[in-house]
file data.cif (mmCIF, C-alpha atoms)
data_work
loop_
_atom_site.group_PDB
_atom_site.id
_atom_site.type_symbol
_atom_site.label_atom_id
_atom_site.label_comp_id
_atom_site.auth_asym_id
_atom_site.auth_seq_id
_atom_site.Cartn_x
_atom_site.Cartn_y
_atom_site.Cartn_z
ATOM 1 C CA MET A 1 95.785 101.566 114.891
ATOM 2 C CA LEU A 2 97.395 100.166 111.746
ATOM 3 C CA VAL A 3 96.208 96.725 110.613
ATOM 4 C CA ASN A 4 98.284 94.734 108.118
ATOM 5 C CA ILE A 5 96.436 93.257 105.158
ATOM 6 C CA THR A 6 97.920 90.864 102.593
ATOM 7 C CA CYS A 7 96.237 91.043 99.196
ATOM 8 C CA PRO A 8 94.779 87.651 98.229
ATOM 9 C CA LYS A 9 95.364 88.416 94.537
ATOM 10 C CA CYS A 10 99.014 89.584 94.428
ATOM 11 C CA ASN A 11 100.200 88.679 97.943
ATOM 12 C CA THR A 12 101.409 92.247 98.620
ATOM 13 C CA ALA A 13 101.343 93.543 102.180
ATOM 14 C CA GLY A 14 99.432 96.733 102.829
ATOM 15 C CA GLY A 15 98.097 98.624 105.803
ATOM 16 C CA PHE A 16 94.777 100.016 106.923
ATOM 17 C CA SER A 17 94.347 102.510 109.739
ATOM 18 C CA ILE A 18 91.162 102.600 111.813
ATOM 19 C CA SER A 19 90.083 104.462 114.921
ATOM 20 C CA ASP A 20 87.111 102.231 115.807
ATOM 21 C CA ASP A 21 87.255 98.689 117.181
ATOM 22 C CA ARG A 22 85.275 97.370 114.211
ATOM 23 C CA TYR A 23 85.219 97.962 110.466
ATOM 24 C CA ILE A 24 83.433 96.124 107.681
ATOM 25 C CA GLY A 25 83.920 97.753 104.328
ATOM 26 C CA PRO A 26 85.843 98.221 101.122
ATOM 27 C CA TYR A 27 89.606 98.128 100.750
ATOM 28 C CA ARG A 28 91.779 98.342 97.634
ATOM 29 C CA CYS A 29 95.265 96.880 97.231
ATOM 30 C CA TRP A 30 97.773 99.677 96.666
ATOM 31 C CA LYS A 31 99.760 97.593 94.173
ATOM 32 C CA CYS A 32 97.401 95.568 91.956
ATOM 33 C CA ARG A 33 94.284 97.673 92.752
ATOM 34 C CA ALA A 34 92.224 94.562 93.569
ATOM 35 C CA ALA A 35 88.940 95.435 95.263
ATOM 36 C CA MET A 36 88.010 93.567 98.417
ATOM 37 C CA LYS A 37 85.698 93.596 101.403
ATOM 38 C CA ILE A 38 87.458 93.416 104.744
ATOM 39 C CA HIS A 39 86.218 92.785 108.261
ATOM 40 C CA LEU A 40 88.355 94.122 111.102
ATOM 41 C CA GLU A 41 87.517 93.362 114.718
ATOM 42 C CA LYS A 42 89.563 94.755 117.631
ATOM 43 C CA ASN A 43 92.418 95.653 115.266
ATOM 44 C CA GLN A 44 92.569 92.124 113.835
ATOM 45 C CA LEU A 45 91.712 91.090 110.274
ATOM 46 C CA GLU A 46 88.790 88.662 110.500
ATOM 47 C CA SER A 47 88.086 88.230 106.779
ATOM 48 C CA CYS A 48 89.100 89.492 103.352
ATOM 49 C CA GLU A 49 87.095 88.707 100.201
ATOM 50 C CA LEU A 50 87.716 89.811 96.619
ATOM 51 C CA MET A 51 84.889 91.856 95.085
ATOM 52 C CA THR A 52 83.936 92.997 91.601
ATOM 53 C CA GLU A 53 84.387 96.685 90.766
ATOM 54 C CA GLU A 54 80.593 97.129 90.801
ATOM 55 C CA GLU A 55 80.320 95.605 94.289
ATOM 56 C CA PHE A 56 83.205 97.757 95.505
ATOM 57 C CA THR A 57 81.649 100.985 94.195
ATOM 58 C CA ARG A 58 78.245 100.122 95.656
ATOM 59 C CA PHE A 59 79.808 99.254 99.032
ATOM 60 C CA GLU A 60 81.720 102.575 99.099
ATOM 61 C CA GLN A 61 78.534 104.490 98.280
ATOM 62 C CA GLU A 62 76.577 102.721 101.023
ATOM 63 C CA ASN A 63 79.331 103.432 103.562
ATOM 64 C CA GLU A 64 79.336 107.115 102.566
ATOM 65 C CA ILE A 65 75.567 107.315 103.091
ATOM 66 C CA ARG A 66 75.894 105.695 106.542
ATOM 67 C CA ARG A 67 78.755 108.027 107.478
ATOM 68 C CA ARG A 68 76.749 111.109 106.508
ATOM 69 C CA ALA A 69 73.684 109.851 108.393
ATOM 70 C CA ARG A 70 75.851 109.635 111.545
ATOM 71 C CA GLY A 71 76.854 113.259 111.075
ATOM 72 C CA GLY A 72 80.298 112.715 109.552
ATOM 73 C CA ARG A 73 81.684 114.829 106.723
#
call {"tool": "encode", "arguments": {"input": "data.cif", "output": "structure tokens"}}
result
Amino acid sequence: MLVNITCPKCNTAGGFSISDDRYIGPYRCWKCRAAMKIHLEKNQLESCELMTEEEFTRFEQENEIRRRARGGR
């Protein structure tokens, strides 16, 4: 399912595709490259917060560790 996300920094519309009902994690605007944390619930955007580059990188690394622990590649 494709969820529409409007960047809070540059107001550009973007999209995010998920297969699960829930996602909390990093997202980057395709235009201005702003880093943000998004929360999607049942294919609806619940929240979107700007993050620093350090927070974004750490969040991506933590998500990768969780994904691998679940057996993903």
call {"tool": "atom_distance", "arguments": {"input": "data.cif", "atom1": "atom CA of Asn4 of chain A", "atom2": "atom CA of Ser17 of chain A"}}
result
8.9 Å
call {"tool": "closest_residue", "arguments": {"input": "data.cif", "among": "A:Gln44, A:Thr57, A:Thr6, A:Thr52", "to": "Asp20 of chain A", "atoms": "all atoms listed in the file"}}
result
A:Gln44
call {"tool": "resolve_selection", "arguments": {"input": "data.cif", "expression": "the PyMOL selection byres ((chain A and resi 59-73) around 12)", "output": "PyMOL selection string"}}
result
chain A and resi 23-28+35-38+51-58
call {"tool": "atom_distance", "arguments": {"input": "data.cif", "atom1": "atom CA of Lys42 of chain A", "atom2": "atom CA of Asp21 of chain A"}}
result
4.6 Å
call {"tool": "closest_residue", "arguments": {"input": "data.cif", "among": "A:Glu49, A:Gly14, A:Ser19, A:Lys9", "to": "Ala34 of chain A", "atoms": "all atoms listed in the file"}}
result
A:Lys9
call {"tool": "atom_distance", "arguments": {"input": "data.cif", "atom1": "atom CA of Ser47 of chain A", "atom2": "atom CA of Trp30 of chain A"}}
result
18.1 Å
call {"tool": "axis_aligned_box", "arguments": {"input": "data.cif", "around": "segment 4-12 of chain A", "padding_each_side": "8 Å", "output": "lines of an AutoDock Vina configuration file"}}
result
center_x = 98.1
center_y = 91.2
center_z = 101.3
size_x = 22.6
size_y = 23.1
size_z = 29.7
call {"tool": "closest_residue", "arguments": {"input": "data.cif", "among": "A:Ile18, A:Ala13, A:Val3, A:Cys29", "to": "Leu45 of chain A", "atoms": "all atoms listed in the file"}}
result
A:Val3
call {"tool": "decode", "arguments": {"input": "data.cif", "residues": "segment 14-34 of chain A", "atoms": "N, CA and C atoms", "output": "short mmCIF file (atom, residue, chain, number, x, y, z; two decimals), in the first residue's frame"}}
result
data_model
loop_
_atom_site.label_atom_id
_atom_site.label_comp_id
_atom_site.auth_asym_id
_atom_site.auth_seq_id
_atom_site.Cartn_x
_atom_site.Cartn_y
_atom_site.Cartn_z
N GLY A 14 5.46 13.08 -1.25
CA GLY A 14 6.21 11.88 -1.57
C GLY A 14 5.37 10.67 -1.21
N GLY A 15 5.89 9.50 -1.47
CA GLY A 15 5.16 8.28 -1.17
C GLY A 15 6.03 7.27 -0.46
N PHE A 16 5.39 6.40 0.29
CA PHE A 16 6.08 5.37 1.04
C PHE A 16 5.25 4.11 0.94
N SER A 17 5.85 3.03 0.51
CA SER A 17 5.12 1.77 0.34
C SER A 17 5.46 0.82 1.49
N ILE A 18 4.42 0.26 2.10
CA ILE A 18 4.62 -0.71 3.18
C ILE A 18 3.73 -1.92 2.94
N SER A 19 4.16 -3.05 3.49
CA SER A 19 3.36 -4.27 3.38
C SER A 19 2.70 -4.61 4.72
N ASP A 20 3.22 -4.06 5.81
CA ASP A 20 2.65 -4.31 7.14
C ASP A 20 1.62 -3.24 7.47
N ASP A 21 0.83 -3.49 8.50
CA ASP A 21 -0.17 -2.51 8.94
C ASP A 21 0.46 -1.36 9.73
N ARG A 22 1.70 -1.56 10.20
CA ARG A 22 2.32 -0.58 11.08
C ARG A 22 3.79 -0.39 10.71
N TYR A 23 4.24 0.85 10.76
CA TYR A 23 5.65 1.15 10.53
C TYR A 23 6.01 2.38 11.35
N ILE A 24 7.08 2.28 12.10
CA ILE A 24 7.68 3.42 12.79
C ILE A 24 9.15 3.38 12.41
N GLY A 25 9.60 4.41 11.71
CA GLY A 25 10.98 4.38 11.27
C GLY A 25 11.38 5.58 10.45
N PRO A 26 12.57 5.51 9.88
CA PRO A 26 13.11 6.64 9.14
C PRO A 26 12.50 6.79 7.75
N TYR A 27 12.49 8.01 7.29
CA TYR A 27 12.03 8.35 5.94
C TYR A 27 12.81 9.60 5.52
N ARG A 28 13.15 9.68 4.23
CA ARG A 28 13.88 10.84 3.74
C ARG A 28 13.12 11.43 2.55
N CYS A 29 12.96 12.76 2.57
CA CYS A 29 12.29 13.45 1.48
C CYS A 29 13.12 13.29 0.21
N TRP A 30 12.45 12.94 -0.88
CA TRP A 30 13.16 12.72 -2.15
C TRP A 30 13.69 14.03 -2.74
N LYS A 31 13.10 15.16 -2.36
CA LYS A 31 13.50 16.43 -2.97
C LYS A 31 14.56 17.16 -2.15
N CYS A 32 14.25 17.48 -0.89
CA CYS A 32 15.19 18.28 -0.08
C CYS A 32 16.09 17.41 0.78
N ARG A 33 15.83 16.09 0.81
CA ARG A 33 16.63 15.12 1.56
C ARG A 33 16.51 15.28 3.07
N ALA A 34 15.48 15.95 3.54
CA ALA A 34 15.25 16.09 4.98
C ALA A 34 15.02 14.71 5.59
#
